[in-house]
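Next comes upload.txt, a file with compact mmCIF, C-alpha atoms and all ligand atoms.
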```txt
# COMPACT_ATOMS: atom_id res chain seq x y z
CA MET A 54 0.00 0.00 0.00
CA ILE A 55 1.30 3.44 -0.94
CA ARG A 56 1.56 5.65 2.14
CA GLU A 57 1.40 9.42 2.29
CA VAL A 58 4.82 11.03 2.77
CA LEU A 59 4.68 13.70 5.48
CA GLN A 60 6.02 17.12 4.58
CA VAL A 61 8.33 19.41 6.53
CA GLY A 62 6.40 21.13 9.31
CA ASP A 63 4.79 17.88 10.46
CA PRO A 64 5.91 17.25 14.07
CA THR A 65 6.44 13.49 13.47
CA LEU A 66 9.45 14.36 11.28
CA ARG A 67 11.10 15.97 14.32
CA LYS A 68 10.73 13.04 16.72
CA VAL A 69 13.57 10.93 18.05
CA CYS A 70 12.24 7.56 16.93
CA ALA A 71 11.80 4.52 19.16
CA LYS A 72 13.87 1.37 18.80
CA VAL A 73 12.01 -1.51 17.13
CA THR A 74 11.40 -4.32 19.62
CA ARG A 75 8.72 -6.39 17.88
CA PHE A 76 9.65 -8.07 14.61
CA ASP A 77 6.13 -8.98 13.67
CA GLY A 78 3.66 -8.78 10.81
CA GLU A 79 3.01 -5.13 11.51
CA LEU A 80 6.70 -4.31 10.93
CA SER A 81 6.76 -6.39 7.74
CA ALA A 82 3.64 -4.64 6.42
CA LEU A 83 5.18 -1.25 7.19
CA LEU A 84 8.43 -2.14 5.38
CA ASP A 85 6.49 -3.49 2.38
CA ASP A 86 4.53 -0.23 2.22
CA MET A 87 7.71 1.84 2.57
CA LYS A 88 9.31 -0.09 -0.31
CA GLU A 89 6.26 0.43 -2.51
CA THR A 90 6.06 4.11 -1.60
CA LEU A 91 9.78 4.65 -2.23
CA LYS A 92 9.56 3.01 -5.68
CA LYS A 93 6.54 5.09 -6.62
CA GLU A 94 8.23 8.30 -5.45
CA GLU A 95 11.49 7.26 -7.19
CA GLY A 96 13.51 8.21 -4.14
CA ALA A 97 16.84 6.88 -2.84
CA GLY A 98 15.55 6.32 0.67
CA LEU A 99 12.62 6.59 3.03
CA ALA A 100 12.46 6.53 6.83
CA ALA A 101 9.49 5.26 8.87
CA PRO A 102 8.77 8.67 10.47
CA GLN A 103 8.25 10.07 6.95
CA VAL A 104 5.15 7.88 6.67
CA GLY A 105 4.03 8.81 10.18
CA VAL A 106 5.51 5.89 12.14
CA PRO A 107 8.21 7.13 14.56
CA ILE A 108 10.27 3.93 14.82
CA ARG A 109 13.88 3.19 13.83
CA ALA A 110 13.41 1.64 10.38
CA VAL A 111 14.55 2.89 6.96
CA VAL A 112 14.62 1.61 3.39
CA VAL A 113 17.27 2.56 0.83
CA ASP A 114 17.25 1.95 -2.93
CA VAL A 115 20.57 2.70 -4.64
CA ASP A 116 22.85 1.20 -7.34
CA GLU A 117 24.03 -1.41 -4.82
CA GLY A 118 20.45 -2.64 -4.41
CA TYR A 119 17.41 -2.34 -2.16
CA PHE A 120 18.02 -2.50 1.59
CA GLU A 121 15.97 -2.47 4.77
CA PHE A 122 17.70 -1.34 7.97
CA VAL A 123 15.96 -1.80 11.31
CA ASN A 124 17.60 -0.24 14.39
CA PRO A 125 20.63 0.91 12.34
CA VAL A 126 23.59 2.30 14.30
CA PHE A 127 26.88 3.72 13.01
CA VAL A 128 30.00 1.76 13.94
CA TRP A 129 32.26 4.35 12.29
CA GLN A 130 32.23 7.14 9.73
CA LYS A 131 35.29 8.06 7.65
CA GLY A 132 36.31 10.80 5.26
CA GLU A 133 34.15 13.48 3.74
CA GLN A 134 32.07 14.06 0.60
CA THR A 135 30.07 17.10 -0.44
CA GLY A 136 27.17 16.76 -2.84
CA ALA A 137 23.55 17.40 -3.72
CA GLU A 138 20.66 16.04 -1.67
CA GLY A 139 16.91 16.20 -1.69
CA CYS A 140 14.19 14.66 0.45
CA LEU A 141 10.70 13.30 -0.25
CA SER A 142 9.53 15.30 2.79
CA VAL A 143 10.90 18.59 1.38
CA ARG A 144 9.37 18.60 -2.07
CA GLY A 145 10.82 20.69 -4.86
CA LYS A 146 14.03 21.60 -3.03
CA ALA A 147 17.66 20.51 -3.14
CA GLY A 148 20.76 21.47 -1.24
CA THR A 149 24.45 20.74 -0.78
CA VAL A 150 25.40 18.64 2.22
CA THR A 151 28.76 17.41 3.51
CA ARG A 152 28.65 13.79 4.70
CA PRO A 153 31.14 11.04 5.54
CA GLU A 154 32.58 9.29 2.44
CA LYS A 155 32.41 5.85 4.03
CA VAL A 156 30.36 4.40 6.88
CA LYS A 157 29.90 1.12 8.68
CA ILE A 158 26.56 0.33 10.30
CA VAL A 159 25.09 -2.52 12.28
CA PHE A 160 21.40 -3.19 11.87
CA GLN A 161 18.65 -5.80 12.03
CA ASP A 162 16.45 -7.11 9.24
CA ARG A 163 12.67 -7.48 9.43
CA LYS A 164 13.10 -10.80 11.24
CA GLY A 165 15.41 -9.33 13.85
CA ASP A 166 18.60 -10.98 12.53
CA ARG A 167 21.73 -8.85 12.96
CA TYR A 168 24.09 -7.73 10.20
CA SER A 169 26.77 -5.18 9.48
CA LEU A 170 27.46 -3.30 6.26
CA VAL A 171 30.08 -0.93 4.87
CA ALA A 172 28.96 1.66 2.30
CA HIS A 173 30.70 4.46 0.47
CA GLY A 174 29.86 7.27 -1.93
CA PHE A 175 26.19 7.91 -2.65
CA PHE A 176 25.13 4.78 -0.72
CA ALA A 177 26.86 6.16 2.41
CA ARG A 178 25.21 9.55 1.80
CA ALA A 179 21.77 7.92 1.57
CA ILE A 180 22.35 5.98 4.79
CA CYS A 181 23.45 9.14 6.64
CA HIS A 182 20.41 11.06 5.36
CA GLU A 183 17.98 8.30 6.39
CA LEU A 184 19.56 7.70 9.81
CA ASP A 185 19.29 11.44 10.52
CA HIS A 186 15.51 11.12 9.97
CA LEU A 187 15.40 8.68 12.91
CA ASP A 188 16.66 11.45 15.18
CA GLY A 189 14.33 14.10 13.79
CA ILE A 190 17.03 15.71 11.64
CA LEU A 191 16.34 16.87 8.07
CA TYR A 192 19.06 17.51 5.47
CA THR A 193 17.91 21.14 5.35
CA ASP A 194 19.29 21.48 8.91
CA LYS A 195 22.77 20.71 7.55
CA ALA A 196 22.67 22.04 3.97
CA LYS A 197 24.05 25.24 2.69
CA ASP A 198 22.33 26.87 -0.31
CA ILE A 199 18.89 25.26 -0.30
CA HIS A 200 17.39 25.97 -3.71
CA ASP A 201 14.54 24.94 -5.98
CA ALA A 202 15.17 21.52 -7.52
CA GLU A 203 15.28 21.05 -11.29
CO CO B 1 14.73 12.49 3.56
```

Output the file's structure as structure tokens, nothing else.
Amino acid sequence: MIREVLQVGDPTLRKVCAKVTRFDGELSALLDDMKETLKKEEGAGLAAPQVGVPIRAVVVDVDEGYFEFVNPVFVWQKGEQTGAEGCLSVRGKAGTVTRPEKVKIVFQDRKGDRYSLVAHGFFARAICHELDHLDGILYTDKAKDIHDAE
């Protein structure tokens, strides 16, 4: 099911999200809906609070593939990259954000199994952007030169 993506100004986008403790059908349904919504919106990532559910779950769709990260936590962040970013919750805008070049995270899947992953480049940028959403942070808080997107 396609879910409505909340827009900046909605208080749910500013919440520090709760850790996921139940790996049940409700979580699976949410992740399925987030995947469907992300594909329809043609975005690189979507966090649960963006569809009104303030829990620590994100989905990312990049060249490396489609990923679901539940309770993701950074192990380390290295280097620096500066590039363009947008957000499905800030429609029509883009901005330049400096992020780590390479990150390692630990996370759980929808069943609760634990994994780790190293990402670099745009994949790392997408992870940083989505994990910020889980702490109520939008890229516009960090960007310089917010402007109208093409
Ligand atoms: Co976003």

Legend entry - Exercise: stretch 83-95 of chain A partners within 7 Å, only C-alpha atoms, chain neighbours under 6 positions left out, as a PyMOL selection string: chain A and resi 54-56+112

Inset, instruction - Can you work out the spacing between atom CA of A:Lys197 and atom CA of A:Val104 in Å, to one decimal? - result: 26.0 Å

Inset, instruction - Could you tell me how far atom CA of A:Phe160 lies from atom CA of A:Pro102, in Å and to one decimal? - result: 17.4 Å

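With distances restricted to all atoms listed in the file, A:Arg163 is the closest residue to A:Phe76 from A:Lys146, A:His200, A:Arg163, A:Arg152.
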
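Nearest residue to ligand CO 1 (chain B), choosing from A:Leu141, A:Ile108, A:Ala179, A:Val156 and counting only C-alpha atoms and all ligand atoms: A:Leu141.
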
Legend entry - Neighbour list for A:Leu66 as a ChimeraX atom specification, cut-off 9 Å, only C-alpha atoms, skip fewer than 6 positions in-chain: /A:59-60,102-103,105,107,142,186-191

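Relative to atom CA of A:Lys157, atom CA of A:Thr74 is found at 22.2 Å.
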
Inset, instruction - Write out as a ChimeraX atom specification the residues lying within 12 Å of A:Val126, counting all atoms listed in the file and excluding same-chain residues fewer than 3 positions away. - result: /A:72,109-111,122-123,129-130,156-161,167-171,180-181,183-185,187-188

Incomplete stretch 107-138 of chain A brought to N, CA and C atoms, written out as a PDB file, keeping the file's coordinate frame:
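The resulting file, part07.pdb, is reproduced below:
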```pdb
ATOM      1  N   PRO A 107       6.933   6.718  13.974  1.00  0.00           N
ATOM      2  CA  PRO A 107       8.210   7.130  14.560  1.00  0.00           C
ATOM      3  C   PRO A 107       9.001   5.983  15.199  1.00  0.00           C
ATOM      4  N   ILE A 108       9.429   5.035  14.348  1.00  0.00           N
ATOM      5  CA  ILE A 108      10.270   3.930  14.820  1.00  0.00           C
ATOM      6  C   ILE A 108      11.529   3.879  13.959  1.00  0.00           C
ATOM      7  N   ARG A 109      12.566   3.178  14.480  1.00  0.00           N
ATOM      8  CA  ARG A 109      13.880   3.190  13.830  1.00  0.00           C
ATOM      9  C   ARG A 109      13.957   2.156  12.715  1.00  0.00           C
ATOM     10  N   ALA A 110      13.384   2.502  11.563  1.00  0.00           N
ATOM     11  CA  ALA A 110      13.410   1.640  10.380  1.00  0.00           C
ATOM     12  C   ALA A 110      13.513   2.523   9.152  1.00  0.00           C
ATOM     13  N   VAL A 111      14.415   2.146   8.219  1.00  0.00           N
ATOM     14  CA  VAL A 111      14.550   2.890   6.960  1.00  0.00           C
ATOM     15  C   VAL A 111      14.685   1.904   5.809  1.00  0.00           C
ATOM     16  N   VAL A 112      14.361   2.380   4.612  1.00  0.00           N
ATOM     17  CA  VAL A 112      14.620   1.610   3.390  1.00  0.00           C
ATOM     18  C   VAL A 112      15.459   2.493   2.466  1.00  0.00           C
ATOM     19  N   VAL A 113      16.370   1.839   1.730  1.00  0.00           N
ATOM     20  CA  VAL A 113      17.270   2.560   0.830  1.00  0.00           C
ATOM     21  C   VAL A 113      17.288   1.823  -0.502  1.00  0.00           C
ATOM     22  N   ASP A 114      17.223   2.566  -1.597  1.00  0.00           N
ATOM     23  CA  ASP A 114      17.250   1.950  -2.930  1.00  0.00           C
ATOM     24  C   ASP A 114      18.288   2.707  -3.773  1.00  0.00           C
ATOM     25  N   VAL A 115      19.442   2.070  -3.949  1.00  0.00           N
ATOM     26  CA  VAL A 115      20.570   2.700  -4.640  1.00  0.00           C
ATOM     27  C   VAL A 115      21.152   1.706  -5.657  1.00  0.00           C
ATOM     28  N   ASP A 116      22.229   2.092  -6.350  1.00  0.00           N
ATOM     29  CA  ASP A 116      22.850   1.200  -7.340  1.00  0.00           C
ATOM     30  C   ASP A 116      23.227  -0.155  -6.754  1.00  0.00           C
ATOM     31  N   GLU A 117      23.613  -0.159  -5.474  1.00  0.00           N
ATOM     32  CA  GLU A 117      24.030  -1.410  -4.820  1.00  0.00           C
ATOM     33  C   GLU A 117      22.850  -2.338  -4.548  1.00  0.00           C
ATOM     34  N   GLY A 118      21.619  -1.802  -4.618  1.00  0.00           N
ATOM     35  CA  GLY A 118      20.450  -2.640  -4.410  1.00  0.00           C
ATOM     36  C   GLY A 118      19.447  -1.997  -3.469  1.00  0.00           C
ATOM     37  N   TYR A 119      18.443  -2.800  -3.093  1.00  0.00           N
ATOM     38  CA  TYR A 119      17.410  -2.340  -2.160  1.00  0.00           C
ATOM     39  C   TYR A 119      17.716  -2.920  -0.780  1.00  0.00           C
ATOM     40  N   PHE A 120      17.670  -2.075   0.239  1.00  0.00           N
ATOM     41  CA  PHE A 120      18.020  -2.500   1.590  1.00  0.00           C
ATOM     42  C   PHE A 120      16.994  -2.031   2.602  1.00  0.00           C
ATOM     43  N   GLU A 121      16.807  -2.849   3.628  1.00  0.00           N
ATOM     44  CA  GLU A 121      15.970  -2.470   4.770  1.00  0.00           C
ATOM     45  C   GLU A 121      16.858  -2.506   6.012  1.00  0.00           C
ATOM     46  N   PHE A 122      16.888  -1.421   6.754  1.00  0.00           N
ATOM     47  CA  PHE A 122      17.700  -1.340   7.970  1.00  0.00           C
ATOM     48  C   PHE A 122      16.793  -1.044   9.152  1.00  0.00           C
ATOM     49  N   VAL A 123      16.735  -1.991  10.086  1.00  0.00           N
ATOM     50  CA  VAL A 123      15.960  -1.800  11.310  1.00  0.00           C
ATOM     51  C   VAL A 123      16.951  -1.606  12.466  1.00  0.00           C
ATOM     52  N   ASN A 124      16.696  -0.611  13.283  1.00  0.00           N
ATOM     53  CA  ASN A 124      17.600  -0.240  14.390  1.00  0.00           C
ATOM     54  C   ASN A 124      19.039  -0.044  13.913  1.00  0.00           C
ATOM     55  N   PRO A 125      19.262   0.699  12.826  1.00  0.00           N
ATOM     56  CA  PRO A 125      20.630   0.910  12.340  1.00  0.00           C
ATOM     57  C   PRO A 125      21.416   1.836  13.273  1.00  0.00           C
ATOM     58  N   VAL A 126      22.695   1.494  13.444  1.00  0.00           N
ATOM     59  CA  VAL A 126      23.590   2.300  14.300  1.00  0.00           C
ATOM     60  C   VAL A 126      24.942   2.394  13.589  1.00  0.00           C
ATOM     61  N   PHE A 127      25.542   3.573  13.589  1.00  0.00           N
ATOM     62  CA  PHE A 127      26.880   3.720  13.010  1.00  0.00           C
ATOM     63  C   PHE A 127      27.917   3.036  13.894  1.00  0.00           C
ATOM     64  N   VAL A 128      28.829   2.311  13.242  1.00  0.00           N
ATOM     65  CA  VAL A 128      30.000   1.760  13.940  1.00  0.00           C
ATOM     66  C   VAL A 128      31.139   2.764  13.779  1.00  0.00           C
ATOM     67  N   TRP A 129      31.305   3.254  12.539  1.00  0.00           N
ATOM     68  CA  TRP A 129      32.260   4.350  12.290  1.00  0.00           C
ATOM     69  C   TRP A 129      31.851   5.108  11.031  1.00  0.00           C
ATOM     70  N   GLN A 130      32.431   6.285  10.910  1.00  0.00           N
ATOM     71  CA  GLN A 130      32.230   7.140   9.730  1.00  0.00           C
ATOM     72  C   GLN A 130      33.613   7.672   9.367  1.00  0.00           C
ATOM     73  N   LYS A 131      33.956   7.636   8.074  1.00  0.00           N
ATOM     74  CA  LYS A 131      35.290   8.060   7.650  1.00  0.00           C
ATOM     75  C   LYS A 131      35.215   9.011   6.458  1.00  0.00           C
ATOM     76  N   GLY A 132      36.173   9.920   6.414  1.00  0.00           N
ATOM     77  CA  GLY A 132      36.310  10.800   5.260  1.00  0.00           C
ATOM     78  C   GLY A 132      35.192  11.809   5.139  1.00  0.00           C
ATOM     79  N   GLU A 133      35.099  12.400   3.963  1.00  0.00           N
ATOM     80  CA  GLU A 133      34.150  13.480   3.740  1.00  0.00           C
ATOM     81  C   GLU A 133      33.782  13.547   2.267  1.00  0.00           C
ATOM     82  N   GLN A 134      32.521  13.824   1.974  1.00  0.00           N
ATOM     83  CA  GLN A 134      32.070  14.060   0.600  1.00  0.00           C
ATOM     84  C   GLN A 134      31.051  15.204   0.660  1.00  0.00           C
ATOM     85  N   THR A 135      31.031  15.998  -0.369  1.00  0.00           N
ATOM     86  CA  THR A 135      30.070  17.100  -0.440  1.00  0.00           C
ATOM     87  C   THR A 135      29.289  16.958  -1.740  1.00  0.00           C
ATOM     88  N   GLY A 136      27.963  16.952  -1.639  1.00  0.00           N
ATOM     89  CA  GLY A 136      27.170  16.760  -2.840  1.00  0.00           C
ATOM     90  C   GLY A 136      25.716  17.155  -2.637  1.00  0.00           C
ATOM     91  N   ALA A 137      24.943  16.971  -3.700  1.00  0.00           N
ATOM     92  CA  ALA A 137      23.550  17.400  -3.720  1.00  0.00           C
ATOM     93  C   ALA A 137      22.651  16.378  -3.026  1.00  0.00           C
ATOM     94  N   GLU A 138      21.637  16.888  -2.340  1.00  0.00           N
ATOM     95  CA  GLU A 138      20.660  16.040  -1.670  1.00  0.00           C
ATOM     96  C   GLU A 138      19.274  16.637  -1.780  1.00  0.00           C
TER      97      GLU A 138
END
```
